[in-house]
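Participant: This is coords_17.cif (mmCIF, C-alpha atoms).
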```cif
data_final
#
loop_
_atom_site.label_atom_id
_atom_site.label_comp_id
_atom_site.auth_asym_id
_atom_site.auth_seq_id
_atom_site.Cartn_x
_atom_site.Cartn_y
_atom_site.Cartn_z
CA MET A 11 -7.10 -41.21 36.14
CA GLU A 12 -5.39 -44.48 35.24
CA PHE A 13 -3.13 -45.08 32.28
CA ASP A 14 -2.07 -48.33 30.68
CA ILE A 15 1.63 -48.47 29.89
CA GLY A 16 2.66 -50.99 27.28
CA PHE A 17 5.14 -51.73 24.52
CA THR A 18 4.81 -52.23 20.78
CA ASP A 19 7.11 -53.54 18.10
CA ARG A 20 5.45 -51.27 15.52
CA GLU A 21 7.31 -48.21 14.27
CA ILE A 22 6.01 -44.86 15.51
CA THR A 23 6.61 -41.26 14.39
CA PRO A 24 5.96 -37.76 15.72
CA TRP A 25 5.03 -36.78 12.14
CA GLY A 26 1.80 -38.73 11.87
CA GLY A 27 -0.01 -35.55 10.83
CA MET A 28 1.81 -35.74 7.49
CA VAL A 29 -0.93 -38.19 6.47
CA PHE A 30 -3.07 -35.12 5.72
CA LEU A 31 -0.34 -33.63 3.53
CA LYS A 32 -0.16 -36.91 1.60
CA GLN A 33 -3.94 -36.94 1.18
CA MET A 34 -3.90 -33.36 -0.09
CA LEU A 35 -1.13 -34.11 -2.62
CA GLN A 36 -3.05 -37.15 -3.83
CA LYS A 37 -6.28 -35.19 -4.20
CA ILE A 38 -4.68 -32.49 -6.36
CA GLY A 39 -2.75 -35.04 -8.45
CA PHE A 40 0.61 -33.53 -7.54
CA SER A 41 2.72 -36.56 -8.55
CA LYS A 42 1.21 -36.54 -12.07
CA VAL A 43 1.94 -32.83 -12.39
CA ILE A 44 5.60 -33.47 -11.47
CA GLU A 45 5.88 -36.40 -13.90
CA ALA A 46 4.46 -34.29 -16.72
CA ASN A 47 7.18 -31.64 -16.34
CA LYS A 48 10.02 -32.57 -18.69
CA ASP A 49 12.29 -29.75 -17.47
CA LEU A 50 12.96 -31.31 -14.05
CA PRO A 51 16.42 -32.91 -13.70
CA VAL A 52 16.51 -36.69 -14.13
CA SER A 53 19.05 -38.94 -12.41
CA GLY A 54 21.29 -40.97 -14.71
CA SER A 55 21.93 -43.64 -12.08
CA ASN A 56 19.93 -46.83 -11.65
CA ARG A 57 19.97 -46.15 -7.91
CA GLY A 58 18.89 -42.53 -8.33
CA TYR A 59 15.64 -41.12 -6.99
CA ASN A 60 12.85 -40.02 -9.28
CA SER A 61 11.81 -36.36 -9.29
CA THR A 62 8.48 -37.08 -7.57
CA THR A 63 10.15 -38.68 -4.54
CA ILE A 64 12.74 -35.89 -4.27
CA ILE A 65 10.19 -33.06 -4.45
CA GLU A 66 7.63 -34.73 -2.17
CA SER A 67 10.23 -35.53 0.48
CA PHE A 68 11.66 -32.02 0.28
CA ILE A 69 8.19 -30.53 0.82
CA ALA A 70 7.51 -32.95 3.69
CA SER A 71 10.81 -31.96 5.34
CA ILE A 72 9.88 -28.27 5.16
CA TRP A 73 6.45 -29.01 6.68
CA CYS A 74 8.25 -30.86 9.47
CA GLY A 75 10.30 -27.75 10.24
CA ALA A 76 13.47 -28.09 8.14
CA ASN A 77 15.01 -24.76 7.13
CA ARG A 78 18.38 -26.03 5.91
CA PHE A 79 19.55 -29.11 4.02
CA LEU A 80 21.05 -30.72 7.11
CA HIS A 81 17.61 -30.82 8.78
CA THR A 82 16.27 -33.13 6.05
CA GLU A 83 18.25 -35.95 7.65
CA VAL A 84 15.66 -36.01 10.45
CA THR A 85 12.86 -36.98 8.09
CA ARG A 86 15.15 -39.22 6.06
CA HIS A 87 15.64 -41.57 9.01
CA ASP A 88 11.92 -41.70 9.86
CA ALA A 89 10.76 -44.99 8.34
CA VAL A 90 7.10 -44.37 9.16
CA LEU A 91 7.14 -41.07 7.23
CA GLY A 92 8.52 -42.96 4.23
CA ASN A 93 5.72 -45.51 4.52
CA ILE A 94 3.08 -42.78 4.69
CA PHE A 95 4.24 -41.37 1.36
CA GLY A 96 5.15 -44.71 -0.20
CA TRP A 97 8.82 -43.92 -0.74
CA LYS A 98 11.01 -47.02 -1.14
CA ARG A 99 13.97 -44.95 0.01
CA THR A 100 13.93 -41.42 1.43
CA PRO A 101 16.42 -38.91 -0.05
CA GLY A 102 18.96 -37.14 2.14
CA GLN A 103 20.66 -33.78 2.04
CA ASP A 104 23.25 -34.75 -0.59
CA THR A 105 20.49 -35.83 -2.98
CA PHE A 106 18.74 -32.49 -2.62
CA LYS A 107 21.99 -30.59 -3.14
CA ARG A 108 22.78 -32.51 -6.35
CA PHE A 109 19.22 -32.10 -7.58
CA PHE A 110 19.04 -28.34 -7.10
CA SER A 111 22.58 -27.77 -8.39
CA LYS A 112 21.31 -28.84 -11.82
CA PHE A 113 19.04 -25.79 -12.02
CA ASP A 114 20.11 -22.70 -13.95
CA GLN A 115 18.22 -19.42 -14.52
CA ALA A 116 16.50 -20.62 -17.69
CA LYS A 117 15.40 -23.89 -16.07
CA ASN A 118 14.19 -22.00 -12.99
CA GLN A 119 12.05 -19.77 -15.21
CA ARG A 120 10.46 -22.62 -17.16
CA ILE A 121 9.73 -24.72 -14.08
CA SER A 122 8.32 -21.84 -12.02
CA ASP A 123 6.08 -20.80 -14.95
CA TYR A 124 4.85 -24.39 -15.21
CA PHE A 125 3.91 -24.79 -11.54
CA TYR A 126 2.50 -21.28 -11.04
CA THR A 127 0.33 -21.66 -14.15
CA TRP A 128 -0.90 -25.05 -12.92
CA ILE A 129 -1.83 -23.56 -9.52
CA PHE A 130 -3.85 -20.67 -10.93
CA ASP A 131 -5.47 -22.76 -13.67
CA ASN A 132 -7.11 -24.68 -10.84
CA PHE A 133 -8.70 -21.53 -9.41
CA LYS A 134 -12.12 -20.99 -10.95
CA PHE A 135 -11.86 -17.34 -10.02
CA ASN A 136 -10.94 -14.23 -11.96
CA ASN A 137 -10.47 -10.47 -11.59
CA PHE A 138 -7.69 -10.63 -9.03
CA THR A 139 -6.29 -7.88 -6.80
CA LEU A 140 -2.50 -8.02 -7.10
CA ASP A 141 -0.31 -6.64 -4.30
CA ILE A 142 3.39 -6.28 -5.04
CA ASP A 143 5.88 -5.56 -2.30
CA SER A 144 9.59 -5.70 -1.58
CA SER A 145 11.08 -7.09 1.60
CA VAL A 146 14.40 -7.37 3.40
CA MET A 147 15.90 -10.74 4.35
CA THR A 148 18.92 -10.36 6.64
CA ARG A 149 21.75 -12.79 5.87
CA TYR A 150 24.63 -14.04 8.00
CA GLY A 151 27.85 -15.44 6.59
CA CYS A 152 28.67 -15.36 2.88
CA GLN A 153 25.62 -16.08 0.72
CA GLU A 154 25.47 -15.47 -2.99
CA GLY A 155 23.78 -12.17 -3.82
CA SER A 156 23.69 -10.88 -0.24
CA LYS A 157 24.95 -7.30 -0.14
CA LYS A 158 24.78 -4.29 2.13
CA GLY A 159 21.81 -2.06 1.41
CA TYR A 160 18.61 -0.81 3.00
CA ASN A 161 18.12 -2.91 6.14
CA PRO A 162 16.22 -1.09 8.92
CA ALA A 163 16.31 -4.06 11.31
CA LYS A 164 20.05 -4.80 11.02
CA LYS A 165 21.77 -1.71 9.66
CA GLY A 166 24.97 -2.52 7.81
CA ARG A 167 24.21 -6.25 7.67
CA PRO A 168 24.18 -7.96 4.21
CA SER A 169 20.74 -8.92 2.98
CA HIS A 170 18.60 -9.97 0.06
CA HIS A 171 15.83 -7.69 -1.19
CA PRO A 172 13.15 -9.96 -2.73
CA LEU A 173 10.25 -8.73 -4.83
CA ILE A 174 6.99 -10.59 -4.11
CA ALA A 175 3.56 -10.55 -5.79
CA PHE A 176 0.51 -11.63 -3.78
CA ILE A 177 -3.01 -12.47 -4.94
CA ALA A 178 -4.93 -10.79 -2.13
CA ASP A 179 -8.27 -12.47 -2.91
CA VAL A 180 -7.04 -16.04 -2.40
CA LYS A 181 -4.03 -15.40 -0.12
CA LEU A 182 -1.44 -16.87 -2.50
CA VAL A 183 2.03 -15.85 -3.68
CA ALA A 184 1.89 -15.32 -7.45
CA ASN A 185 5.59 -14.70 -8.04
CA MET A 186 8.87 -13.98 -6.27
CA TRP A 187 12.28 -12.78 -7.43
CA LEU A 188 15.26 -12.88 -5.07
CA ARG A 189 17.40 -9.76 -5.57
CA SER A 190 20.66 -8.59 -4.02
CA GLY A 191 20.43 -6.40 -0.94
CA ASP A 192 21.63 -3.20 -2.64
CA THR A 193 18.65 -2.94 -5.03
CA SER A 194 15.85 -0.41 -4.62
CA SER A 195 12.19 -1.41 -4.18
CA SER A 196 11.22 -0.64 -7.79
CA ASN A 197 14.36 -2.10 -9.40
CA ASN A 198 13.41 -4.31 -12.39
CA PHE A 199 9.73 -3.97 -11.46
CA LEU A 200 8.41 -3.88 -15.04
CA ASN A 201 10.12 -7.14 -15.97
CA PHE A 202 8.84 -8.69 -12.75
CA LEU A 203 5.28 -7.57 -13.53
CA THR A 204 5.52 -9.00 -17.07
CA ASP A 205 6.74 -12.31 -15.66
CA THR A 206 3.92 -12.34 -13.09
CA LEU A 207 1.25 -11.69 -15.73
CA ASN A 208 2.73 -14.47 -17.88
CA LYS A 209 2.40 -16.88 -14.97
CA LEU A 210 -1.22 -15.86 -14.44
CA LYS A 211 -1.87 -16.18 -18.21
CA ASP A 212 -5.56 -15.61 -18.97
CA LYS A 213 -6.45 -14.40 -15.46
CA THR A 214 -7.53 -10.76 -15.26
CA ILE A 215 -5.84 -8.34 -12.87
CA SER A 216 -8.48 -5.79 -11.88
CA LEU A 217 -6.35 -3.79 -9.44
CA ILE A 218 -2.69 -3.45 -8.48
CA ARG A 219 -1.77 -1.94 -5.10
CA LEU A 220 1.77 -0.69 -4.45
CA ASP A 221 3.52 1.14 -1.63
CA SER A 222 5.54 4.34 -1.98
CA GLY A 223 8.67 2.45 -3.03
CA PHE A 224 6.98 2.09 -6.44
CA PHE A 225 5.91 5.74 -6.77
CA ASN A 226 7.53 6.02 -10.17
CA SER A 227 6.30 7.61 -13.42
CA ALA A 228 7.58 4.72 -15.56
CA ILE A 229 5.51 2.25 -13.51
CA MET A 230 2.39 4.40 -13.72
CA ASN A 231 2.81 4.89 -17.47
CA HIS A 232 3.21 1.16 -17.98
CA LEU A 233 0.11 0.26 -15.97
CA GLU A 234 -1.94 2.86 -17.82
CA GLU A 235 -0.78 1.51 -21.17
CA LYS A 236 -1.90 -1.95 -20.01
CA ASN A 237 -5.27 -0.49 -18.86
CA ILE A 238 -4.72 -1.88 -15.36
CA ASP A 239 -6.20 0.09 -12.47
CA TYR A 240 -3.77 0.87 -9.67
CA ILE A 241 -3.47 2.59 -6.32
CA ILE A 242 0.07 3.64 -5.38
CA ALA A 243 1.02 5.31 -2.11
CA ALA A 244 2.69 8.64 -2.87
CA ARG A 245 6.24 9.32 -1.76
CA PHE A 246 6.32 12.49 0.35
CA THR A 247 8.58 14.54 -1.87
CA HIS A 248 8.67 18.32 -1.37
CA PRO A 249 6.14 19.00 -4.19
CA ILE A 250 3.71 16.42 -2.73
CA GLN A 251 3.99 18.01 0.72
CA LYS A 252 3.34 21.43 -0.77
CA ILE A 253 0.19 20.31 -2.60
CA ILE A 254 -1.08 18.67 0.62
CA LYS A 255 -0.43 21.88 2.56
CA ALA A 256 -2.35 23.89 -0.06
CA SER A 257 -5.40 21.57 0.09
CA THR A 258 -8.52 23.17 1.54
CA ASN A 259 -11.37 20.95 0.28
CA TRP A 260 -11.34 18.52 3.23
CA ILE A 261 -14.36 16.30 3.87
CA ILE A 262 -14.91 14.76 7.33
CA LEU A 263 -15.21 10.96 7.17
CA ASP A 264 -15.19 10.20 10.88
CA THR A 265 -13.88 11.59 14.14
CA GLY A 266 -10.33 12.74 13.43
CA ILE A 267 -10.36 11.61 9.75
CA GLU A 268 -10.60 13.96 6.79
CA ILE A 269 -10.12 13.31 3.09
CA CYS A 270 -9.75 15.30 -0.13
CA GLU A 271 -8.43 14.93 -3.66
CA GLN A 272 -6.28 16.99 -6.01
CA MET A 273 -4.92 16.81 -9.54
CA TYR A 274 -1.13 16.86 -9.55
CA GLN A 275 1.50 16.76 -12.29
CA SER A 276 5.13 16.24 -11.43
CA GLU A 277 7.80 17.74 -13.68
CA SER A 278 8.73 14.20 -14.76
CA TRP A 279 5.12 13.21 -15.60
CA SER A 280 3.57 13.53 -19.04
CA LYS A 281 0.15 14.35 -17.59
CA ALA A 282 -1.68 15.29 -14.39
CA ARG A 283 -2.93 12.47 -12.16
CA ARG A 284 -5.50 12.18 -9.41
CA ILE A 285 -4.20 12.09 -5.84
CA VAL A 286 -6.40 11.16 -2.88
CA ILE A 287 -5.16 12.65 0.41
CA VAL A 288 -6.10 11.49 3.91
CA ARG A 289 -5.22 13.20 7.17
CA GLN A 290 -5.83 11.87 10.68
CA ARG A 291 -5.72 13.95 13.85
CA ILE A 292 -3.11 12.51 16.22
CA LYS A 293 -5.07 13.57 19.30
CA ASP A 294 -8.12 11.55 18.22
CA ARG A 295 -6.20 8.71 16.58
CA PRO A 296 -2.79 8.30 18.26
CA LYS A 297 -2.10 5.03 16.39
CA ALA A 298 -2.98 6.43 12.98
CA THR A 299 -0.62 5.51 10.16
CA GLY A 300 0.89 8.10 7.84
CA LYS A 301 3.56 10.77 7.86
CA GLN A 302 3.80 14.32 9.04
CA LEU A 303 4.67 17.17 6.68
CA ARG A 304 8.28 17.70 7.68
CA LEU A 305 8.57 20.78 5.48
CA PHE A 306 5.90 22.46 7.59
CA ILE A 307 6.32 20.64 10.90
CA GLU A 308 6.63 23.93 12.80
CA GLU A 309 3.15 25.05 11.72
CA GLU A 310 0.70 24.08 14.44
CA ILE A 311 -2.02 22.71 12.18
CA HIS A 312 0.36 20.27 10.50
CA MET A 313 1.90 19.20 13.80
CA ASN A 314 -1.51 17.78 14.74
CA TYR A 315 -1.98 15.46 11.76
CA ARG A 316 -0.52 12.42 10.03
CA TYR A 317 -1.03 12.33 6.27
CA SER A 318 -1.16 9.69 3.55
CA ALA A 319 -1.67 10.15 -0.19
CA TYR A 320 -2.49 7.80 -3.07
CA VAL A 321 -2.24 8.27 -6.81
CA THR A 322 -4.82 6.42 -8.92
CA PRO A 323 -6.65 6.61 -12.27
CA MET A 324 -9.80 5.05 -10.74
CA LYS A 325 -13.09 7.01 -10.68
CA LEU A 326 -14.31 5.76 -7.30
CA ALA A 327 -15.08 8.11 -4.43
CA PRO A 328 -11.98 9.19 -2.43
CA ALA A 329 -13.12 7.28 0.66
CA GLU A 330 -13.44 4.07 -1.40
CA ILE A 331 -9.93 4.52 -2.82
CA TRP A 332 -8.58 4.78 0.72
CA ARG A 333 -10.56 1.75 1.91
CA LEU A 334 -9.37 -0.30 -1.06
CA TYR A 335 -5.74 0.51 -0.34
CA ARG A 336 -6.10 -0.26 3.38
CA GLY A 337 -7.02 -3.83 2.43
CA ARG A 338 -3.51 -4.26 1.07
#
```
Could you show the structure in this file as structure tokens?

Facilitator:
Amino acid sequence: MEFDIGFTDREITPWGGMVFLKQMLQKIGFSKVIEANKDLPVSGSNRGYNSTTIIESFIASIWCGANRFLHTEVTRHDAVLGNIFGWKRTPGQDTFKRFFSKFDQAKNQRISDYFYTWIFDNFKFNNFTLDIDSSVMTRYGCQEGSKKGYNPAKKGRPSHHPLIAFIADVKLVANMWLRSGDTSSSNNFLNFLTDTLNKLKDKTISLIRLDSGFFNSAIMNHLEEKNIDYIIAARFTHPIQKIIKASTNWIILDTGIEICEQMYQSESWSKARRIVIVRQRIKDRPKATGKQLRLFIEEEIHMNYRYSAYVTPMKLAPAEIWRLYRGR
């Protein structure tokens, strides 16, 4: 195979694929959305950059692989990238630092509400499934809010413990709060949920799915008052393990999978709630998820199974409750 080797005086870039990002932003009218937001900081200098250029170039830098301010200098010095987006001048790291330093908590709230609402207003879709989860982000050095807390990957290392809401149906993040590393999974959950619902505005949440970190009576009471269906993985407290051990009404779903349901009322609950219990035989399903009953681990029957349990007010069949949660 022969190749022609030549020279050109035209500027070239490894980021030519950013043309598609520019086309997408144009199609959704992103620059007009930015211009319509009066809460964004405005430069007081005649040589300052407008908000549209700053935000577009920051997004482009992230798409090109930047994960710290210093990396934005790579895209800043790429003249072709600037031509693709139509920037007269491309901002650098100092511009981004000054821009974001003008944000405070109130401004963050107003701007995030504005953009999240705009995103979901454009979805002609309703009756969402909302998954809320907490995560651990390990930090190195001294970063504001990073503290020692639950960190299974790097024990003893400072971290942040963000709370994130996902719209499962359309694979989008609906909200995120960055919390210090010493907070629990359910810390400030009710305020976070209220903020998320405000961002979604007139969209309907048909189902909320939560892991065992949110197995909390206050959360369940709140969701029931809001008439929102939920499925929450049960925390394997001693009373939960005892009610699982006492269960006898098992139904076989498949090889090595059995399911049943019970009504259970904790001492801290105002009423009894439905709990769907699943057990999977380890011999038949060695990769099965779930936990063993540590209170009764010496009893042979319980040594052979992994269990999971879910509390829900929904009237669906137990197998459907389990299948719904597994989609989380």

Participant: Kindly resolve the PyMOL selection byres ((chain A and resi 188) around 6) on the present coordinates and return the residues as a PyMOL selection string.

Facilitator: chain A and resi 172+187+189

Participant: Go ahead and compute the interatomic distance for CA of Arg289 (chain A) and CA of Pro323 (chain A), in Å to one decimal.

Facilitator: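 Answer for the CA of Arg289 (chain A) to CA of Pro323 (chain A) separation: 20.6 Å.
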
Participant: For region 324-338 of chain A, find every residue with an atom within 10 Å (counting only C-alpha atoms), except residues of its own chain fewer than 4 positions away, and show them as a VMD selection string.

Facilitator: chain A and resid 139 to 142 176 178 217 to 221 238 to 243 261 263 268 to 271 284 to 288 318 to 320

Participant: Just give me the gap between CA of Ile15 (chain A) and CA of Leu91 (chain A) in Å, one decimal is fine.

Facilitator: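 About the pair CA of Ile15 (chain A) and CA of Leu91 (chain A): they are 24.5 Å apart.
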
Participant: What's around region 40-45 of chain A at 9 Å? Count all atoms listed in the file, leave out sequence neighbours fewer than 6 positions away in its own chain, and write the answer as a PyMOL selection string.

Facilitator: chain A and resi 34+61-63+65-66+125+128

Participant: Name the residues that the PyMOL selection byres ((chain A and resi 129-131) around 12) pulls out of this structure, and write them as an MDAnalysis selection string.

Facilitator: chainID A and resid 38:40 43 122:128 132:136 138 177 180 182:185 206:214

Participant: So for region 256-269 of chain A, what box centre and size do we get, axis-aligned, 8 Å extra on each of the six sides, every listed atom, Å to one decimal, as AutoDock Vina command-line options?

Facilitator:
```
--center_x -8.8 --center_y 17.0 --center_z 7.0 --size_x 28.9 --size_y 29.7 --size_z 30.2
```
